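Below is one structure, written out as structure tokens; comments come after it.
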Amino acid sequence: MTPTFWDDIPAVVSGLTAFLPNEEEMRTLFQGRSTDLWQMMEAVSNYGCEIVVVKRGERGQYLYDRATRNHWEISAYPAKVIDPTGAGDSFCGGFIAGYRRTYDPLQAALFGGISASLAIEGSGIFYALDALPGLAQARLDALKDGVRKV
């Protein structure tokens, strides 16, 4: 995700269902080309990627859906951070599971956010699996209020 590899991006993202970089990676890639994250996301999508999500840590995510041309800003769940290790990977796993379940990019991003929120509240790769029954659904319901169409 460096400007040096800009010419390779079309081949990398063409045909992807989703591209999920973090904000720093996206800004680094577009260094000298754009400073507007929405423009960056649309540019990547124009190479043939259906969904672009920019992970923004405690500031949530930006989502661009090429099929509907919708832009969404999604708040992060206000979790108590114990260990942020793996939050981005947890988001990606939750996103994939959510997309597979619903085929809705917005729902998938919400699933990703909840997955990350559970993972950062403890340590170890299996911590989130011990969450209270119903906790993920309760957080999902709460997080829906933090979605804003841009």
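Residues are named by chain letter and number: chains run A, B, ... in the order of the structure tokens, numbers start at 1 in each chain, and ligands are numbered from 1 in the order shown.
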
As a short mmCIF file (atom, residue, chain, number, x, y, z; two decimals) with N, CA and C atoms, in the first residue's frame, please: the residues near Pro21 of chain A (cut-off 12 Å, only C-alpha atoms, same-chain neighbours under 3 positions excluded).
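Once everything was written out, this is selection.cif:
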```cif
data_model
loop_
_atom_site.label_atom_id
_atom_site.label_comp_id
_atom_site.auth_asym_id
_atom_site.auth_seq_id
_atom_site.Cartn_x
_atom_site.Cartn_y
_atom_site.Cartn_z
N MET A 1 0.83 -1.19 0.00
CA MET A 1 0.00 0.00 0.00
C MET A 1 0.87 1.25 0.00
N VAL A 13 -7.24 -5.23 -7.24
CA VAL A 13 -8.61 -5.07 -6.76
C VAL A 13 -9.68 -5.45 -7.76
N ALA A 18 -14.72 -7.26 -1.80
CA ALA A 18 -14.47 -6.20 -0.82
C ALA A 18 -12.98 -5.97 -0.64
N GLU A 24 -4.72 4.67 7.33
CA GLU A 24 -3.31 4.99 7.07
C GLU A 24 -2.84 4.35 5.77
N GLU A 25 -3.21 3.09 5.55
CA GLU A 25 -2.82 2.41 4.32
C GLU A 25 -3.39 3.12 3.09
N MET A 26 -4.66 3.50 3.18
CA MET A 26 -5.31 4.16 2.05
C MET A 26 -4.66 5.51 1.77
N ARG A 27 -4.41 6.26 2.81
CA ARG A 27 -3.79 7.59 2.62
C ARG A 27 -2.37 7.46 2.06
N THR A 28 -1.64 6.45 2.51
CA THR A 28 -0.30 6.23 1.99
C THR A 28 -0.34 5.89 0.51
N LEU A 29 -1.25 5.01 0.13
CA LEU A 29 -1.38 4.62 -1.27
C LEU A 29 -1.69 5.82 -2.16
N LEU A 37 -10.89 10.77 1.47
CA LEU A 37 -11.09 9.31 1.57
C LEU A 37 -12.22 8.81 0.68
N MET A 40 -10.93 8.47 -2.76
CA MET A 40 -10.02 7.33 -2.81
C MET A 40 -10.82 6.03 -2.93
N MET A 41 -11.85 5.91 -2.12
CA MET A 41 -12.66 4.70 -2.11
C MET A 41 -13.35 4.50 -3.46
N VAL A 44 -10.76 3.31 -6.10
CA VAL A 44 -10.46 1.88 -5.98
C VAL A 44 -11.63 1.06 -6.52
N ILE A 51 -17.05 -3.40 -3.06
CA ILE A 51 -17.23 -2.74 -1.77
C ILE A 51 -15.87 -2.30 -1.27
N VAL A 52 -15.79 -1.07 -0.76
CA VAL A 52 -14.55 -0.59 -0.15
C VAL A 52 -14.90 -0.10 1.25
N VAL A 53 -14.20 -0.64 2.22
CA VAL A 53 -14.36 -0.22 3.61
C VAL A 53 -13.02 0.28 4.10
N VAL A 54 -13.01 1.49 4.66
CA VAL A 54 -11.80 2.01 5.27
C VAL A 54 -11.98 1.93 6.78
N LYS A 55 -11.12 1.14 7.41
CA LYS A 55 -11.16 0.97 8.87
C LYS A 55 -10.45 2.16 9.51
N ARG A 56 -11.13 2.80 10.47
CA ARG A 56 -10.62 4.01 11.08
C ARG A 56 -10.45 3.88 12.59
N GLY A 57 -10.26 2.66 13.07
CA GLY A 57 -10.03 2.44 14.49
C GLY A 57 -11.21 2.89 15.34
N GLN A 61 -15.78 3.22 10.72
CA GLN A 61 -15.44 2.85 9.35
C GLN A 61 -16.19 3.73 8.37
N TYR A 62 -15.61 3.83 7.18
CA TYR A 62 -16.30 4.39 6.02
C TYR A 62 -16.57 3.22 5.09
N LEU A 63 -17.74 3.23 4.49
CA LEU A 63 -18.15 2.16 3.57
C LEU A 63 -18.63 2.79 2.27
N GLY A 88 -8.28 -5.05 13.65
CA GLY A 88 -8.53 -4.96 12.21
C GLY A 88 -8.83 -6.31 11.59
N ASP A 89 -8.08 -7.32 12.01
CA ASP A 89 -8.33 -8.67 11.50
C ASP A 89 -9.69 -9.18 11.97
N PHE A 91 -12.25 -7.30 12.61
CA PHE A 91 -13.23 -6.60 11.79
C PHE A 91 -13.41 -7.32 10.46
N CYS A 92 -12.30 -7.65 9.82
CA CYS A 92 -12.37 -8.32 8.51
C CYS A 92 -13.10 -9.66 8.59
#
```

- prompt: Which residues in chain A does DSSP call strand (DSSP E)? List them as a ChimeraX atom specification.
  reply: /A:18-19,51-55,61-65,70-74,147-149

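Once Leu16 of chain A and its same-chain neighbours fewer than 4 positions away are set aside, Gly48, Cys49 and Glu50 of chain A remain within 7 Å of it when counting only C-alpha atoms.
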
task: Identify, on the basis of only C-alpha atoms, every residue whose closest approach to Ala116 of chain A does not exceed 8 Å; exclude the query and any residue fewer than 3 positions from it along the same chain; express the result as a VMD selection string.
output: chain A and resid 86 to 91 94 112 to 113 119 to 120

- request: Just give me the gap between atom CA of Ser123 of chain A and atom CA of Asp83 of chain A in Å, one decimal is fine.
  value: 5.8 Å
